[in-house]
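K.L.:
To be precise about what I am sending: the file is called protein-v1.cif and holds mmCIF, C-alpha atoms.
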```
data_final
loop_
_atom_site.label_atom_id
_atom_site.label_comp_id
_atom_site.auth_asym_id
_atom_site.auth_seq_id
_atom_site.Cartn_x
_atom_site.Cartn_y
_atom_site.Cartn_z
CA MET Y 1 -7.96 62.18 21.11
CA ALA Y 2 -8.16 65.98 20.72
CA ARG Y 3 -8.74 67.26 17.20
CA TRP Y 4 -5.39 69.10 17.04
CA GLU Y 5 -3.60 65.83 17.65
CA SER Y 6 -4.81 64.20 14.45
CA GLY Y 7 -1.85 62.75 12.59
CA ALA Y 8 0.28 63.20 15.71
CA ARG Y 9 2.27 60.03 15.08
CA GLU Y 10 3.22 61.08 11.55
CA ARG Y 11 3.99 64.66 12.63
CA LEU Y 12 6.34 63.38 15.33
CA GLN Y 13 8.06 61.02 12.91
CA ARG Y 14 8.51 63.76 10.32
CA ALA Y 15 9.79 66.26 12.91
CA ALA Y 16 12.23 63.71 14.37
CA LEU Y 17 13.64 62.79 10.99
CA GLU Y 18 14.18 66.44 10.06
CA LEU Y 19 15.90 67.22 13.35
CA TYR Y 20 18.08 64.08 13.20
CA ALA Y 21 19.17 64.95 9.65
CA GLU Y 22 19.90 68.56 10.64
CA ARG Y 23 21.68 68.14 13.98
CA GLY Y 24 22.56 64.47 14.19
CA TYR Y 25 20.64 61.85 16.13
CA ASP Y 26 22.60 62.31 19.36
CA GLY Y 27 22.04 66.04 19.46
CA VAL Y 28 18.22 65.92 19.53
CA THR Y 29 15.93 65.53 22.57
CA VAL Y 30 12.37 64.24 22.80
CA ALA Y 31 11.32 67.70 24.02
CA GLU Y 32 12.69 69.27 20.83
CA ILE Y 33 10.94 66.72 18.61
CA ALA Y 34 7.62 67.32 20.37
CA GLU Y 35 8.05 71.09 20.10
CA ALA Y 36 8.91 70.95 16.41
CA ALA Y 37 5.75 68.87 15.85
CA GLY Y 38 3.66 71.35 17.87
CA LEU Y 39 2.87 68.70 20.48
CA THR Y 40 3.78 67.95 24.09
CA GLU Y 41 6.35 65.47 25.38
CA ARG Y 42 3.47 63.67 27.01
CA THR Y 43 1.92 63.12 23.58
CA PHE Y 44 5.27 61.89 22.23
CA PHE Y 45 5.42 59.23 24.89
CA ARG Y 46 1.88 58.14 24.12
CA TYR Y 47 3.18 56.96 20.73
CA PHE Y 48 6.84 56.08 21.25
CA ALA Y 49 8.91 54.66 24.12
CA ASP Y 50 11.94 56.84 23.29
CA LYS Y 51 13.61 58.83 20.54
CA ARG Y 52 14.95 55.67 18.91
CA GLU Y 53 11.51 54.10 18.51
CA VAL Y 54 10.21 57.06 16.51
CA LEU Y 55 12.20 55.65 13.56
CA PHE Y 56 10.58 52.21 13.83
CA VAL Y 57 7.00 51.04 13.38
CA SER Y 58 5.87 48.78 16.19
CA GLN Y 59 7.28 45.27 15.97
CA ASP Y 60 3.80 43.84 16.08
CA GLU Y 61 2.64 46.01 13.19
CA PHE Y 62 5.79 45.20 11.20
CA GLU Y 63 5.42 41.44 11.66
CA HIS Y 64 1.77 41.55 10.69
CA LEU Y 65 2.65 43.06 7.32
CA PHE Y 66 4.16 39.66 6.59
CA LEU Y 67 1.99 37.31 8.63
CA ASP Y 68 -1.25 38.63 7.10
CA GLY Y 69 -0.02 37.31 3.77
CA LEU Y 70 0.08 33.79 5.15
CA ASP Y 71 -3.61 33.83 6.04
CA ASP Y 72 -4.55 34.35 2.40
CA ALA Y 73 -2.07 31.86 0.98
CA ASP Y 74 -3.70 28.90 -0.73
CA ARG Y 75 -0.39 27.09 -1.25
CA HIS Y 76 1.36 25.09 1.42
CA ASP Y 77 4.98 24.55 0.46
CA PRO Y 78 7.31 26.63 2.64
CA MET Y 79 8.79 28.95 0.01
CA SER Y 80 5.39 29.66 -1.53
CA LEU Y 81 4.14 30.66 1.91
CA VAL Y 82 7.17 32.89 2.36
CA GLY Y 83 6.50 34.37 -1.08
CA SER Y 84 2.96 35.23 0.03
CA ALA Y 85 4.28 36.91 3.18
CA LEU Y 86 6.74 38.98 1.15
CA ALA Y 87 4.08 40.02 -1.36
CA SER Y 88 1.84 41.10 1.50
CA ALA Y 89 4.59 43.24 3.05
CA ALA Y 90 5.45 44.83 -0.31
CA ALA Y 91 2.12 46.67 -0.30
CA MET Y 92 3.40 48.80 2.60
CA PHE Y 93 6.36 50.18 0.68
CA SER Y 94 4.64 52.43 -1.82
CA ASP Y 95 6.50 54.93 -3.97
CA ASP Y 96 5.35 57.90 -1.86
CA ARG Y 97 7.10 56.33 1.12
CA ARG Y 98 10.46 55.93 -0.60
CA GLY Y 99 11.73 59.46 0.17
CA TRP Y 100 11.03 59.07 3.87
CA SER Y 101 12.66 55.63 3.92
CA ARG Y 102 15.77 57.00 2.20
CA GLU Y 103 16.17 59.75 4.80
CA ARG Y 104 15.57 57.25 7.59
CA ARG Y 105 18.19 54.90 6.19
CA GLN Y 106 20.82 57.66 6.26
CA ILE Y 107 20.17 58.36 9.94
CA ILE Y 108 20.32 54.66 10.80
CA ALA Y 109 23.50 54.05 8.79
CA ALA Y 110 25.29 56.68 10.87
CA HIS Y 111 24.35 55.25 14.31
CA PRO Y 112 25.36 51.81 15.58
CA ALA Y 113 22.58 51.78 18.20
CA LEU Y 114 20.01 52.25 15.43
CA GLN Y 115 21.62 49.56 13.30
CA GLU Y 116 21.36 47.16 16.26
CA ARG Y 117 17.69 48.03 16.60
CA GLU Y 118 17.17 47.29 12.89
CA LEU Y 119 18.97 43.93 13.22
CA LEU Y 120 16.83 42.97 16.21
CA LYS Y 121 13.71 43.89 14.24
CA MET Y 122 14.72 41.58 11.40
CA SER Y 123 15.75 38.80 13.76
CA ALA Y 124 12.41 38.96 15.57
CA LEU Y 125 10.64 38.91 12.21
CA ALA Y 126 12.49 35.70 11.28
CA VAL Y 127 11.42 34.16 14.60
CA ALA Y 128 7.78 35.16 14.05
CA LEU Y 129 7.78 33.80 10.49
CA THR Y 130 9.42 30.56 11.63
CA ARG Y 131 6.73 30.10 14.25
CA ALA Y 132 3.96 30.81 11.74
CA LEU Y 133 5.40 28.13 9.43
CA THR Y 134 5.83 25.51 12.16
CA ASP Y 135 2.21 26.26 13.20
CA ARG Y 136 1.28 25.11 9.68
CA GLY Y 137 3.01 21.77 10.23
CA ILE Y 138 6.35 22.54 8.60
CA ASP Y 139 9.32 20.99 10.42
CA PRO Y 140 11.39 23.45 12.49
CA THR Y 141 14.61 23.38 10.44
CA THR Y 142 12.82 23.83 7.13
CA ALA Y 143 10.66 26.56 8.66
CA ALA Y 144 13.73 28.41 9.98
CA LEU Y 145 15.54 28.19 6.64
CA ALA Y 146 12.50 29.38 4.71
CA ALA Y 147 11.83 32.23 7.16
CA GLU Y 148 15.47 33.39 7.23
CA SER Y 149 15.61 33.22 3.44
CA GLY Y 150 12.48 35.35 3.27
CA VAL Y 151 14.00 37.95 5.57
CA THR Y 152 17.17 37.94 3.46
CA VAL Y 153 15.10 38.59 0.32
CA PHE Y 154 13.17 41.38 2.04
CA ARG Y 155 16.31 43.10 3.37
CA THR Y 156 18.13 42.83 0.05
CA ALA Y 157 15.11 44.17 -1.84
CA PHE Y 158 14.65 46.98 0.68
CA ALA Y 159 18.27 48.12 0.25
CA ALA Y 160 17.92 47.99 -3.55
CA TRP Y 161 14.63 49.94 -3.43
CA LEU Y 162 16.40 52.79 -1.60
CA ALA Y 163 19.45 52.89 -3.87
CA ASP Y 164 20.14 56.18 -5.67
CA GLY Y 165 18.30 56.39 -8.97
CA GLU Y 166 16.20 53.25 -8.37
CA ASP Y 167 12.59 53.89 -9.33
CA ARG Y 168 11.05 50.45 -9.84
CA PRO Y 169 8.24 49.58 -7.41
CA PHE Y 170 9.18 47.59 -4.31
CA ALA Y 171 7.14 44.52 -5.28
CA GLN Y 172 8.89 44.27 -8.64
CA ILE Y 173 12.34 44.53 -7.07
CA GLN Y 174 11.48 41.98 -4.40
CA ASP Y 175 10.09 39.48 -6.94
CA GLY Y 176 13.39 39.79 -8.81
CA VAL Y 177 15.46 39.20 -5.68
CA LEU Y 178 13.40 36.13 -4.76
CA ALA Y 179 13.91 34.74 -8.27
CA ASP Y 180 17.65 35.48 -7.95
CA LEU Y 181 17.82 33.60 -4.66
CA ARG Y 182 16.05 30.59 -6.13
CA ALA Y 183 18.33 30.54 -9.17
CA LEU Y 184 21.42 30.99 -7.00
CA THR Y 185 20.81 28.45 -4.26
CA GLY Y 186 18.96 25.96 -6.41
CA ALA Y 187 21.79 25.70 -8.92
CA GLY Y 188 24.64 23.22 -8.69
CA MET J 29 54.25 36.60 28.58
CA ALA J 30 55.05 35.14 32.01
CA ARG J 31 55.04 31.37 32.25
CA TRP J 32 52.18 31.29 34.77
CA GLU J 33 49.97 33.06 32.28
CA SER J 34 50.08 30.28 29.73
CA GLY J 35 46.53 29.43 28.64
CA ALA J 36 45.33 32.63 30.28
CA ARG J 37 42.72 33.30 27.62
CA GLU J 38 41.15 29.87 28.00
CA ARG J 39 41.30 30.00 31.80
CA LEU J 40 39.49 33.35 31.79
CA GLN J 41 36.83 32.05 29.40
CA ARG J 42 36.27 28.93 31.47
CA ALA J 43 36.13 30.89 34.75
CA ALA J 44 33.71 33.44 33.26
CA LEU J 45 31.37 30.78 31.91
CA GLU J 46 31.29 28.98 35.26
CA LEU J 47 30.58 32.17 37.19
CA TYR J 48 27.91 33.31 34.71
CA ALA J 49 26.17 29.92 34.96
CA GLU J 50 26.36 29.99 38.76
CA ARG J 51 25.40 33.58 39.59
CA GLY J 52 23.94 34.98 36.39
CA TYR J 53 25.78 37.19 33.93
CA ASP J 54 24.76 40.46 35.58
CA GLY J 55 26.00 39.38 39.00
CA VAL J 56 29.63 38.78 37.99
CA THR J 57 32.47 41.33 37.79
CA VAL J 58 35.70 41.26 35.80
CA ALA J 59 37.62 41.22 39.10
CA GLU J 60 35.81 38.04 40.13
CA ILE J 61 36.49 36.35 36.80
CA ALA J 62 40.18 37.22 36.99
CA GLU J 63 40.38 35.98 40.58
CA ALA J 64 38.65 32.69 39.77
CA ALA J 65 41.17 32.17 36.95
CA GLY J 66 44.07 33.00 39.25
CA LEU J 67 44.97 36.06 37.19
CA THR J 68 44.83 39.85 37.55
CA GLU J 69 42.26 42.25 36.13
CA ARG J 70 45.08 43.76 34.13
CA THR J 71 45.63 40.40 32.45
CA PHE J 72 41.90 40.07 31.77
CA PHE J 73 41.91 43.37 29.91
CA ARG J 74 44.90 42.30 27.87
CA TYR J 75 42.65 39.67 26.29
CA PHE J 76 39.13 41.08 26.44
CA ALA J 77 37.60 44.56 26.26
CA ASP J 78 34.90 43.74 28.82
CA LYS J 79 33.00 40.91 30.45
CA ARG J 80 30.76 40.52 27.40
CA GLU J 81 33.66 39.92 25.01
CA VAL J 82 34.95 36.98 27.03
CA LEU J 83 32.09 34.97 25.46
CA PHE J 84 33.06 35.88 21.90
CA VAL J 85 36.14 35.14 19.82
CA SER J 86 37.49 38.22 18.10
CA GLN J 87 35.45 39.25 15.09
CA ASP J 88 38.53 39.13 12.92
CA GLU J 89 39.34 35.58 14.00
CA PHE J 90 35.71 34.51 13.54
CA GLU J 91 35.49 35.93 10.01
CA HIS J 92 38.75 34.31 9.01
CA LEU J 93 37.38 30.88 9.86
CA PHE J 94 35.14 31.42 6.85
CA LEU J 95 37.28 33.61 4.59
CA ASP J 96 40.24 31.21 4.70
CA GLY J 97 38.02 28.66 2.96
CA LEU J 98 37.62 30.99 0.00
CA ASP J 99 41.35 31.14 -0.64
CA ASP J 100 41.50 27.40 -1.24
CA ALA J 101 38.33 27.22 -3.32
CA ASP J 102 38.94 26.17 -6.90
CA ARG J 103 35.32 26.76 -7.91
CA HIS J 104 33.89 30.14 -8.77
CA ASP J 105 30.12 30.04 -8.63
CA PRO J 106 28.82 31.95 -5.60
CA MET J 107 27.19 29.09 -3.69
CA SER J 108 30.19 26.81 -4.18
CA LEU J 109 32.40 29.53 -2.73
CA VAL J 110 30.02 29.89 0.20
CA GLY J 111 30.09 26.11 0.62
CA SER J 112 33.90 26.26 0.84
CA ALA J 113 33.70 29.00 3.47
CA LEU J 114 31.23 26.96 5.53
CA ALA J 115 33.35 23.82 5.29
CA SER J 116 36.38 25.79 6.47
CA ALA J 117 34.52 27.14 9.49
CA ALA J 118 33.17 23.70 10.40
CA ALA J 119 36.70 22.59 11.35
CA MET J 120 36.55 24.97 14.33
CA PHE J 121 33.52 23.30 15.88
CA SER J 122 34.97 20.00 17.01
CA ASP J 123 33.14 17.61 19.31
CA ASP J 124 35.28 18.55 22.31
CA ARG J 125 34.05 22.13 21.95
CA ARG J 126 30.36 21.23 21.98
CA GLY J 127 29.99 21.20 25.78
CA TRP J 128 31.48 24.68 26.12
CA SER J 129 29.30 25.98 23.28
CA ARG J 130 26.16 24.55 24.91
CA GLU J 131 26.91 26.30 28.20
CA ARG J 132 27.72 29.52 26.37
CA ARG J 133 24.45 29.35 24.45
CA GLN J 134 22.45 29.12 27.69
CA ILE J 135 24.09 32.27 29.07
CA ILE J 136 23.48 34.15 25.81
CA ALA J 137 19.86 33.01 25.53
CA ALA J 138 19.13 34.56 28.93
CA HIS J 139 20.60 38.01 28.17
CA PRO J 140 19.33 40.37 25.48
CA ALA J 141 22.61 42.33 25.40
CA LEU J 142 24.47 39.13 24.57
CA GLN J 143 21.93 38.19 21.92
CA GLU J 144 22.45 41.61 20.29
CA ARG J 145 26.19 41.00 20.30
CA GLU J 146 25.64 37.62 18.62
CA LEU J 147 23.39 39.20 15.97
CA LEU J 148 25.98 41.89 15.26
CA LYS J 149 28.65 39.21 14.90
CA MET J 150 26.56 37.37 12.31
CA SER J 151 25.65 40.56 10.50
CA ALA J 152 29.31 41.60 10.27
CA LEU J 153 30.17 38.11 9.01
CA ALA J 154 27.60 38.49 6.21
CA VAL J 155 29.13 41.86 5.29
CA ALA J 156 32.66 40.38 5.22
CA LEU J 157 31.55 37.41 3.11
CA THR J 158 29.66 39.69 0.72
CA ARG J 159 32.78 41.80 0.25
CA ALA J 160 34.95 38.72 -0.33
CA LEU J 161 32.54 37.57 -3.05
CA THR J 162 32.30 40.95 -4.79
CA ASP J 163 36.13 41.06 -4.72
CA ARG J 164 35.95 37.88 -6.83
CA GLY J 165 33.84 39.67 -9.43
CA ILE J 166 30.40 38.52 -8.28
CA ASP J 167 27.73 41.21 -8.61
CA PRO J 168 26.70 42.85 -5.30
CA THR J 169 23.12 41.55 -5.09
CA THR J 170 24.12 37.96 -5.86
CA ALA J 171 27.04 38.25 -3.45
CA ALA J 172 24.78 39.54 -0.66
CA LEU J 173 22.21 36.79 -1.22
CA ALA J 174 24.86 34.07 -1.27
CA ALA J 175 26.60 35.45 1.83
CA GLU J 176 23.36 35.87 3.79
CA SER J 177 22.28 32.37 2.79
CA GLY J 178 25.62 31.03 3.98
CA VAL J 179 25.20 32.75 7.35
CA THR J 180 21.66 31.35 7.62
CA VAL J 181 22.99 27.83 7.00
CA PHE J 182 25.76 28.30 9.57
CA ARG J 183 23.40 29.66 12.25
CA THR J 184 20.83 26.93 11.65
CA ALA J 185 23.50 24.23 11.75
CA PHE J 186 25.05 25.73 14.87
CA ALA J 187 21.70 25.67 16.71
CA ALA J 188 21.10 22.06 15.61
CA TRP J 189 24.61 21.02 16.69
CA LEU J 190 23.88 22.28 20.22
CA ALA J 191 20.44 20.68 20.51
CA ASP J 192 19.95 18.19 23.36
CA GLY J 193 20.96 14.69 22.35
CA GLU J 194 22.51 15.73 19.02
CA ASP J 195 25.84 13.99 18.52
CA ARG J 196 26.56 14.17 14.79
CA PRO J 197 29.67 16.20 13.89
CA PHE J 198 29.16 19.85 12.97
CA ALA J 199 30.32 19.41 9.36
CA GLN J 200 27.80 16.65 8.74
CA ILE J 201 24.93 18.69 10.19
CA GLN J 202 25.92 21.76 8.20
CA ASP J 203 26.19 19.82 4.92
CA GLY J 204 22.66 18.57 5.55
CA VAL J 205 21.32 22.08 6.25
CA LEU J 206 22.96 23.42 3.08
CA ALA J 207 21.37 20.62 1.07
CA ASP J 208 18.01 21.39 2.74
CA LEU J 209 18.31 25.05 1.77
CA ARG J 210 19.11 24.18 -1.82
CA ALA J 211 16.21 21.75 -2.05
CA LEU J 212 13.86 24.23 -0.37
CA THR J 213 14.63 27.44 -2.25
CA GLY J 214 15.49 25.80 -5.56
CA ALA J 215 12.15 24.00 -5.78
CA GLY J 216 9.03 25.38 -7.40
#
```
Here is the file; what I need is its structure written in the form of structure tokens.
P.N.:
Amino acid sequence: MARWESGARERLQRAALELYAERGYDGVTVAEIAEAAGLTERTFFRYFADKREVLFVSQDEFEHLFLDGLDDADRHDPMSLVGSALASAAAMFSDDRRGWSRERRQIIAAHPALQERELLKMSALAVALTRALTDRGIDPTTAALAAESGVTVFRTAFAAWLADGEDRPFAQIQDGVLADLRALTGAG
Amino acid sequence: MARWESGARERLQRAALELYAERGYDGVTVAEIAEAAGLTERTFFRYFADKREVLFVSQDEFEHLFLDGLDDADRHDPMSLVGSALASAAAMFSDDRRGWSRERRQIIAAHPALQERELLKMSALAVALTRALTDRGIDPTTAALAAESGVTVFRTAFAAWLADGEDRPFAQIQDGVLADLRALTGAG
């Protein structure tokens, strides 16, 4: 990769987000994003399939944030495994990423096609987590419930992390949501 | 409505499902569905916005299957309310509907656009349930967790109900899944 392309992915993401915020998602072309980043369209398409994908990390990368946590887990009950996956993913959402994530959320909230993409991402994550749990010998229904519950905790924590005025670290928020879920569903 | 149109909605749904199973979803037009049902295209569009919607009940109707259960609930803790909503919805999924639902599931499983529609339906249900719970004074995070957990139980039970060889009633399966979730997430 040529020297001037270093950080190309991040420059394209930053340029896209700024243009989407300024002119609306529908009003921006790939050519304009590439130009604003000082890169070519050809380079854009080396990193992203289209202008929607620039707002999403690759599905594989996203899933591995969670699945990597299972490899290190020394416990074997389903919710402990899910807890390990969530803790592993939390490391990705550092405080210096929160501003970018807040801007991204605003763009997505305004566009149904982007919301669908986000739902598919979460659904595919639940499928991947379910498979990882069944691979460890957990029965399919229990694995699905544990995986879906984990995704619910992640999504709820993610929304809370981005709320106006929230400044607690992601991991702390997510631990709280997981404890809330356990108290809520375990009661009664 | 003219007499010959009685049961038009159901005839269109049945005709669509048969044609989709026979020729594949992409290979079927609204005109063909209407013709197979002995009705006009104009009548089709009185009931459904497009050939995708013929596989889905209206979102409003779907959400009310669940929300109606909240009106009758005499308990006030979040998971008991969710349990009432789930029990209310279970009444819709009678044994004589299982065959239709199994065929429908096969069509949906083969088409990403239909899977997206199903995900959106479930996501909107979670939003509606969350709002119904916050309207009852439950804090937003707890409401979201309870609603999402309820949707997870419903989806898991629905998939189990349609599994090959399964013949237990929907309500019984769903009660079991809810108990599994409580045992799973409440433990530890």
K.L.:
Taking only C-alpha atoms into account, what are the residues of chain J at most 9 Å from chain Y, put as a PyMOL selection string?
P.N.:
chain J and resi 105-108+144-145+147-148+151+169-170+172-174+176-177+180-181+184+188+205+208-216
K.L.:
Apply the PyMOL selection byres ((chain Y and resi 63) around 12) to the structure shown and report the selected residues as a count of residues only.
P.N.:
31
K.L.:
Do you have the atom CA of J:Gly55-atom CA of J:Thr71 distance handy?
P.N.:
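For atom CA of J:Gly55 relative to atom CA of J:Thr71, the distance reads 20.7 Å.
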K.L.:
List, as a list of chain:residue names, every residue that the PyMOL selection byres ((chain Y and resi 36-39) around 10) selects in the file provided.
P.N.:
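That expression, the PyMOL selection byres ((chain Y and resi 36-39) around 10), corresponds here to Y:Trp4, Y:Glu5, Y:Ala8, Y:Arg9, Y:Glu10, Y:Arg11, Y:Leu12, Y:Gln13, Y:Arg14, Y:Ala15, Y:Ala16, Y:Glu18, Y:Leu19, Y:Val30, Y:Ala31, Y:Glu32, Y:Ile33, Y:Ala34, Y:Glu35, Y:Thr40, Y:Glu41, Y:Arg42, Y:Thr43, Y:Phe44.
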K.L.:
Can you write out the residues you just picked, keeping C-alpha atoms, as a PDB file, keeping the file's coordinate frame?
P.N.:
```pdb
ATOM      1  CA  TRP Y   4      -5.390  69.100  17.040  1.00  0.00           C
ATOM      2  CA  GLU Y   5      -3.600  65.830  17.650  1.00  0.00           C
ATOM      3  CA  ALA Y   8       0.280  63.200  15.710  1.00  0.00           C
ATOM      4  CA  ARG Y   9       2.270  60.030  15.080  1.00  0.00           C
ATOM      5  CA  GLU Y  10       3.220  61.080  11.550  1.00  0.00           C
ATOM      6  CA  ARG Y  11       3.990  64.660  12.630  1.00  0.00           C
ATOM      7  CA  LEU Y  12       6.340  63.380  15.330  1.00  0.00           C
ATOM      8  CA  GLN Y  13       8.060  61.020  12.910  1.00  0.00           C
ATOM      9  CA  ARG Y  14       8.510  63.760  10.320  1.00  0.00           C
ATOM     10  CA  ALA Y  15       9.790  66.260  12.910  1.00  0.00           C
ATOM     11  CA  ALA Y  16      12.230  63.710  14.370  1.00  0.00           C
ATOM     12  CA  GLU Y  18      14.180  66.440  10.060  1.00  0.00           C
ATOM     13  CA  LEU Y  19      15.900  67.220  13.350  1.00  0.00           C
ATOM     14  CA  VAL Y  30      12.370  64.240  22.800  1.00  0.00           C
ATOM     15  CA  ALA Y  31      11.320  67.700  24.020  1.00  0.00           C
ATOM     16  CA  GLU Y  32      12.690  69.270  20.830  1.00  0.00           C
ATOM     17  CA  ILE Y  33      10.940  66.720  18.610  1.00  0.00           C
ATOM     18  CA  ALA Y  34       7.620  67.320  20.370  1.00  0.00           C
ATOM     19  CA  GLU Y  35       8.050  71.090  20.100  1.00  0.00           C
ATOM     20  CA  THR Y  40       3.780  67.950  24.090  1.00  0.00           C
ATOM     21  CA  GLU Y  41       6.350  65.470  25.380  1.00  0.00           C
ATOM     22  CA  ARG Y  42       3.470  63.670  27.010  1.00  0.00           C
ATOM     23  CA  THR Y  43       1.920  63.120  23.580  1.00  0.00           C
ATOM     24  CA  PHE Y  44       5.270  61.890  22.230  1.00  0.00           C
TER      25      PHE Y  44
END
```
K.L.:
I'd like the interatomic distance between atom CA of J:Phe84 and atom CA of J:Trp189, to a tenth of an Å.
P.N.:
17.9 Å
K.L.:
Kindly give the distance, in Å, that separates atom CA of J:Asp203 and atom CA of J:Arg126, rounded to a single decimal.
P.N.:
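Computed distance, atom CA of J:Asp203 to atom CA of J:Arg126, equals 17.6 Å.
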K.L.:
Run the PyMOL selection byres ((chain Y and resi 51) around 9) on the file and write out the hits as JSON, numbers by chain.
P.N.:
{"Y": [16, 25, 28, 29, 30, 33, 48, 49, 50, 52, 53, 54, 55]}
K.L.:
Write out, as a tab-separated table (two decimals), keeping the file's coordinate frame, the residues just selected, with C-alpha atoms.
P.N.:
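Result file again.tsv:
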```
chain	number	residue	atom	x	y	z
Y	16	ALA	CA	12.23	63.71	14.37
Y	25	TYR	CA	20.64	61.85	16.13
Y	28	VAL	CA	18.22	65.92	19.53
Y	29	THR	CA	15.93	65.53	22.57
Y	30	VAL	CA	12.37	64.24	22.80
Y	33	ILE	CA	10.94	66.72	18.61
Y	48	PHE	CA	6.84	56.08	21.25
Y	49	ALA	CA	8.91	54.66	24.12
Y	50	ASP	CA	11.94	56.84	23.29
Y	52	ARG	CA	14.95	55.67	18.91
Y	53	GLU	CA	11.51	54.10	18.51
Y	54	VAL	CA	10.21	57.06	16.51
Y	55	LEU	CA	12.20	55.65	13.56
```
